[in-house]
$ cat structure16.csv   # CSV, C-alpha atoms
chain,number,residue,atom,x,y,z
L,35,MET,CA,205.4,158.9,213.9
L,36,ASN,CA,201.7,159.3,213.2
L,37,HIS,CA,199.7,156.5,214.8
L,38,THR,CA,197.0,155.0,212.8
L,39,THR,CA,195.0,151.8,213.0
L,40,VAL,CA,194.1,148.9,210.8
L,41,SER,CA,190.4,148.8,209.6
L,42,PRO,CA,188.1,145.8,209.7
L,43,CYS,CA,187.5,144.3,206.2
L,44,SER,CA,184.4,142.4,205.0
L,45,ILE,CA,185.9,139.1,206.2
L,46,PRO,CA,185.2,138.7,210.0
L,47,ASN,CA,188.3,139.1,212.2
L,48,GLU,CA,190.5,140.3,209.3
L,49,TYR,CA,191.8,143.8,208.9
L,50,TYR,CA,193.5,146.0,206.2
L,51,PHE,CA,195.9,148.8,206.4
L,52,GLY,CA,195.3,151.8,204.1
L,53,ASP,CA,194.8,151.9,200.3
L,54,LEU,CA,191.7,151.7,198.3
L,55,PRO,CA,189.8,148.4,197.5
L,56,GLY,CA,191.3,146.7,194.5
L,57,THR,CA,194.7,148.1,195.1
L,58,LEU,CA,197.9,145.9,195.2
L,59,GLN,CA,200.2,147.1,198.0
L,60,TYR,CA,203.8,147.1,197.0
L,61,ASN,CA,205.2,150.2,198.6
L,62,LYS,CA,204.4,150.4,202.3
L,63,ASP,CA,206.9,152.2,204.5
L,64,PRO,CA,208.0,150.1,207.4
L,65,GLU,CA,207.6,153.2,209.7
L,66,GLU,CA,203.9,153.3,208.8
L,67,ILE,CA,203.5,149.7,209.9
L,68,LEU,CA,205.4,150.3,213.1
L,69,ALA,CA,203.0,153.2,213.9
L,70,LEU,CA,199.9,151.0,213.7
L,71,THR,CA,197.7,150.7,216.7
L,72,LEU,CA,196.1,147.3,216.7
L,73,PRO,CA,192.8,146.3,218.3
L,74,ASP,CA,192.4,143.3,220.6
L,75,ASP,CA,191.4,140.3,218.4
L,76,GLU,CA,193.0,137.0,219.0
L,77,GLU,CA,191.1,135.1,216.3
L,78,ASP,CA,193.7,133.7,213.8
L,79,ARG,CA,191.1,132.5,211.2
L,80,GLY,CA,193.1,129.2,210.9
L,81,PHE,CA,196.2,131.0,209.6
L,82,LYS,CA,199.5,129.4,210.8
L,83,PHE,CA,203.0,130.7,210.3
L,84,CYS,CA,204.7,128.8,207.5
L,85,GLU,CA,208.2,128.2,206.2
L,86,HIS,CA,210.2,131.0,204.6
L,87,SER,CA,211.3,129.1,201.6
L,88,LEU,CA,212.0,129.7,197.9
L,89,GLU,CA,209.0,127.6,197.0
L,90,ASN,CA,206.7,129.8,199.2
L,91,LEU,CA,208.3,133.0,197.9
L,92,GLN,CA,207.6,132.0,194.4
L,93,ARG,CA,204.0,131.2,195.3
L,94,ILE,CA,203.4,134.8,196.5
L,95,THR,CA,205.6,136.8,194.1
L,96,PRO,CA,203.7,138.3,191.2
L,97,CYS,CA,205.0,137.5,187.8
L,98,THR,CA,205.6,141.0,186.4
L,99,GLN,CA,207.9,142.6,183.8
L,100,LYS,CA,209.7,144.4,186.6
L,101,THR,CA,212.0,142.1,188.5
L,102,VAL,CA,212.2,142.9,192.3
L,103,ASP,CA,214.5,141.1,194.8
L,104,TRP,CA,212.1,140.3,197.6
L,105,LYS,CA,212.7,139.0,201.1
L,106,ILE,CA,210.0,137.3,203.1
L,107,LEU,CA,209.4,139.2,206.4
L,108,LEU,CA,206.3,137.2,207.4
L,109,MET,CA,204.2,134.5,205.8
L,110,MET,CA,201.1,132.7,207.1
L,111,MET,CA,199.0,130.0,205.4
L,112,ARG,CA,195.6,128.5,205.8
L,113,THR,CA,194.3,125.3,204.1
L,114,GLU,CA,190.6,125.3,203.3
L,115,GLU,CA,188.1,122.9,201.7
L,116,GLU,CA,189.1,120.9,198.7
L,117,GLY,CA,192.8,121.7,199.0
L,118,LYS,CA,192.5,125.4,198.6
L,119,MET,CA,195.4,127.2,200.2
L,120,VAL,CA,195.7,130.8,201.1
L,121,LEU,CA,199.0,132.6,201.7
L,122,LYS,CA,199.3,136.1,203.4
L,123,ALA,CA,202.7,137.7,203.3
L,124,ALA,CA,204.7,140.8,203.9
L,125,LEU,CA,207.7,140.9,201.5
L,126,GLN,CA,210.5,143.5,201.8
L,127,ASN,CA,212.1,145.0,198.7
L,128,LYS,CA,215.8,144.4,199.3
L,129,THR,CA,216.6,147.5,197.2
L,130,THR,CA,214.2,150.1,198.6
L,131,GLY,CA,213.2,148.6,201.9
L,132,LYS,CA,209.5,149.1,201.1
L,133,ILE,CA,207.1,146.4,202.0
L,134,ALA,CA,204.5,144.6,199.8
L,135,LEU,CA,201.4,143.1,201.5
L,136,LEU,CA,200.0,140.3,199.4
L,137,THR,CA,197.5,137.4,199.4
L,138,SER,CA,198.0,134.5,197.1
L,139,ILE,CA,195.7,131.5,196.5
L,140,ASN,CA,196.3,128.2,194.6
L,141,ASN,CA,192.9,128.4,193.0
L,142,LYS,CA,192.4,131.1,190.3
L,143,ILE,CA,188.8,130.1,189.7
L,144,TYR,CA,187.9,130.8,193.3
L,145,LEU,CA,189.3,134.4,193.0
L,146,GLU,CA,187.6,135.0,189.6
L,147,ASN,CA,184.2,133.6,190.8
L,148,ASN,CA,184.4,136.1,193.7
L,149,GLY,CA,184.9,139.0,191.3
L,150,HIS,CA,188.6,139.5,191.8
L,151,ARG,CA,191.3,140.1,189.1
L,152,THR,CA,194.3,137.8,189.4
L,153,VAL,CA,198.0,138.2,188.9
L,154,LYS,CA,200.0,135.0,188.0
L,155,THR,CA,202.9,134.3,190.4
L,156,VAL,CA,206.4,133.2,189.6
L,157,ASP,CA,205.3,129.7,190.7
L,158,GLY,CA,202.8,129.7,187.8
L,159,THR,CA,200.1,127.8,189.7
L,160,TRP,CA,199.3,130.3,192.4
L,161,PHE,CA,197.6,133.7,191.9
L,162,VAL,CA,197.8,136.9,193.8
L,163,GLY,CA,194.4,138.6,194.3
L,164,HIS,CA,194.4,142.1,192.8
L,165,PHE,CA,193.1,143.6,196.1
L,166,ARG,CA,194.4,145.1,199.3
L,167,MET,CA,195.5,142.5,201.8
L,168,CYS,CA,193.3,141.7,204.8
L,169,ALA,CA,194.8,139.6,207.6
L,170,PRO,CA,194.1,138.6,211.2
L,171,ILE,CA,195.6,140.8,214.0
L,172,VAL,CA,198.1,138.1,214.8
L,173,PHE,CA,199.6,138.8,211.3
L,174,TRP,CA,199.9,142.5,211.9
L,175,ARG,CA,201.2,142.1,215.5
L,176,GLU,CA,203.9,139.7,214.3
L,177,LEU,CA,204.9,141.9,211.4
L,178,LYS,CA,205.4,144.9,213.8
L,179,ASN,CA,207.5,142.6,216.0
L,180,ARG,CA,209.7,141.5,213.2
L,181,LEU,CA,210.2,145.1,212.1
L,182,LEU,CA,211.0,146.2,215.6
L,183,TYR,CA,213.2,143.3,216.8
$ encode --input "structure16.csv" --output "structure tokens"
Amino acid sequence: MNHTTVSPCSIPNEYYFGDLPGTLQYNKDPEEILALTLPDDEEDRGFKFCEHSLENLQRITPCTQKTVDWKILLMMMRTEEEGKMVLKAALQNKTTGKIALLTSINNKIYLENNGHRTVKTVDGTWFVGHFRMCAPIVFWRELKNRLLY
């Protein structure tokens, strides 16, 4: 296994893994994630683990023409000002085993005002940001643990 590391993104205490900016990440190999070397950074940025439920799965699943059967591996949420909620998730394709890394927000205007394209979710009121996912190290560490154990 090649060891690689996550890289800091423009948001303090958040990190991304691979891929170019503006790229949705649908096909990460679990072995790549297991090989990650993670820096010491305990800041969680207010993200808390949240329920693996159909409702949350629909909030993070992009509404596309291609139907994929996803399983939630890990999901964290942060509630911000004025009721804005942010979900970070790792979803596993039940057919291929590949992992999608996604960020979804219940505020399309916030994403658009920050120059991001959006993808409507199955839920219909949440929107996936069309960008590579950044997350605190606690997310990456827990994702590795869930893949290992």
$ closest_residue --input "structure16.csv" --among "L:Asp78, L:Ile94, L:Tyr183, L:Gln99" --to "Ile139 in chain L" --atoms "all atoms listed in the file"
L:Ile94
$ atom_distance --input "structure16.csv" --atom1 "CA of Leu72 in chain L" --atom2 "CA of Lys132 in chain L"
20.6 Å
$ residues_near_point --input "structure16.csv" --point "(192.3, 150.9, 198.0)" --cutoff "12 Å" --atoms "all atoms listed in the file" --output "list in words"
Ser41, Cys43, Tyr50, Phe51, Gly52, Asp53, Leu54, Pro55, Gly56, Thr57, Leu58, Gln59, His164, Phe165, Arg166, Met167 and Cys168 of chain L
$ closest_residue --input "structure16.csv" --among "L:Gln126, L:Pro42, L:Val120, L:Tyr49" --to "Arg180 in chain L" --atoms "all atoms listed in the file"
L:Gln126
$ closest_residue --input "structure16.csv" --among "L:Ile143, L:Ile106, L:Met111, L:Ile133" --to "Arg79 in chain L" --atoms "all atoms listed in the file"
L:Met111
$ closest_residue --input "structure16.csv" --among "L:Pro46, L:Glu85, L:Asn141, L:His150" --to "Glu116 in chain L" --atoms "all atoms listed in the file"
L:Asn141
$ residues_near_point --input "structure16.csv" --point "(214.1, 137.0, 206.6)" --cutoff "12 Å" --atoms "all atoms listed in the file" --output "MDAnalysis selection string"
chainID L and resid 85:88 91 104:109 123:128 177 180:181
$ residues_around --input "structure16.csv" --residues "Gly158 in chain L" --least-positions-apart "2" --cutoff "12 Å" --atoms "all atoms listed in the file" --output "PyMOL selection string"
chain L and resi 89+91-98+138-142+152-156+160-162
$ write_last_selection --input "structure16.csv" --atoms "C-alpha atoms" --output "compact mmCIF listing (two decimals), in the coordinates of the input"
# COMPACT_ATOMS: atom_id res chain seq x y z
CA GLU L 89 209.00 127.60 197.00
CA LEU L 91 208.30 133.00 197.90
CA GLN L 92 207.60 132.00 194.40
CA ARG L 93 204.00 131.20 195.30
CA ILE L 94 203.40 134.80 196.50
CA THR L 95 205.60 136.80 194.10
CA PRO L 96 203.70 138.30 191.20
CA CYS L 97 205.00 137.50 187.80
CA THR L 98 205.60 141.00 186.40
CA SER L 138 198.00 134.50 197.10
CA ILE L 139 195.70 131.50 196.50
CA ASN L 140 196.30 128.20 194.60
CA ASN L 141 192.90 128.40 193.00
CA LYS L 142 192.40 131.10 190.30
CA THR L 152 194.30 137.80 189.40
CA VAL L 153 198.00 138.20 188.90
CA LYS L 154 200.00 135.00 188.00
CA THR L 155 202.90 134.30 190.40
CA VAL L 156 206.40 133.20 189.60
CA TRP L 160 199.30 130.30 192.40
CA PHE L 161 197.60 133.70 191.90
CA VAL L 162 197.80 136.90 193.80
$ closest_residue --input "structure16.csv" --among "L:Asp157, L:Glu146, L:Glu65, L:Glu176" --to "Met110 in chain L" --atoms "all atoms listed in the file"
L:Glu176
$ closest_residue --input "structure16.csv" --among "L:Gly149, L:Gly80, L:Gly163, L:Gly131" --to "Asn47 in chain L" --atoms "only C-alpha atoms"
L:Gly80
$ atom_distance --input "structure16.csv" --atom1 "CA of Val172 in chain L" --atom2 "CA of Leu136 in chain L"
15.7 Å
$ atom_distance --input "structure16.csv" --atom1 "CA of Arg112 in chain L" --atom2 "CA of Asn90 in chain L"
13.0 Å
$ residues_around --input "structure16.csv" --residues "Ile67 in chain L" --least-positions-apart "4" --cutoff "8 Å" --atoms "only C-alpha atoms" --output "number ranges by chain"
L: 62-63, 178
$ build_atoms --input "structure16.csv" --residues "range 78-95 of chain L" --atoms "N, CA and C atoms" --output "compact mmCIF listing (two decimals), in the frame of the given file"
# COMPACT_ATOMS: atom_id res chain seq x y z
N ASP L 78 192.66 133.84 214.85
CA ASP L 78 193.70 133.70 213.80
C ASP L 78 193.08 133.22 212.46
N ARG L 79 191.77 132.90 212.45
CA ARG L 79 191.10 132.50 211.20
C ARG L 79 191.72 131.23 210.59
N GLY L 80 192.47 130.46 211.38
CA GLY L 80 193.10 129.20 210.90
C GLY L 80 194.43 129.47 210.19
N PHE L 81 194.91 130.70 210.17
CA PHE L 81 196.20 131.00 209.60
C PHE L 81 197.32 130.57 210.54
N LYS L 82 198.33 129.89 210.00
CA LYS L 82 199.50 129.40 210.80
C LYS L 82 200.74 129.96 210.10
N PHE L 83 201.76 130.24 210.91
CA PHE L 83 203.00 130.70 210.30
C PHE L 83 203.57 129.53 209.48
N CYS L 84 204.18 129.87 208.37
CA CYS L 84 204.70 128.80 207.50
C CYS L 84 206.15 129.14 207.10
N GLU L 85 206.76 128.16 206.49
CA GLU L 85 208.20 128.20 206.20
C GLU L 85 208.52 129.33 205.19
N HIS L 86 209.60 130.03 205.52
CA HIS L 86 210.20 131.00 204.60
C HIS L 86 211.09 130.24 203.67
N SER L 87 210.57 129.89 202.51
CA SER L 87 211.30 129.10 201.60
C SER L 87 211.22 129.69 200.17
N LEU L 88 212.10 129.27 199.27
CA LEU L 88 212.00 129.70 197.90
C LEU L 88 210.71 129.32 197.27
N GLU L 89 210.24 128.11 197.57
CA GLU L 89 209.00 127.60 197.00
C GLU L 89 207.82 128.58 197.43
N ASN L 90 207.75 128.93 198.71
CA ASN L 90 206.70 129.80 199.20
C ASN L 90 206.86 131.24 198.64
N LEU L 91 208.09 131.70 198.52
CA LEU L 91 208.30 133.00 197.90
C LEU L 91 207.81 133.08 196.51
N GLN L 92 208.05 132.01 195.74
CA GLN L 92 207.60 132.00 194.40
C GLN L 92 206.06 131.90 194.27
N ARG L 93 205.41 131.33 195.28
CA ARG L 93 204.00 131.20 195.30
C ARG L 93 203.28 132.57 195.56
N ILE L 94 204.01 133.52 196.14
CA ILE L 94 203.40 134.80 196.50
C ILE L 94 203.95 135.97 195.66
N THR L 95 205.03 135.73 194.91
CA THR L 95 205.60 136.80 194.10
C THR L 95 204.93 136.95 192.78
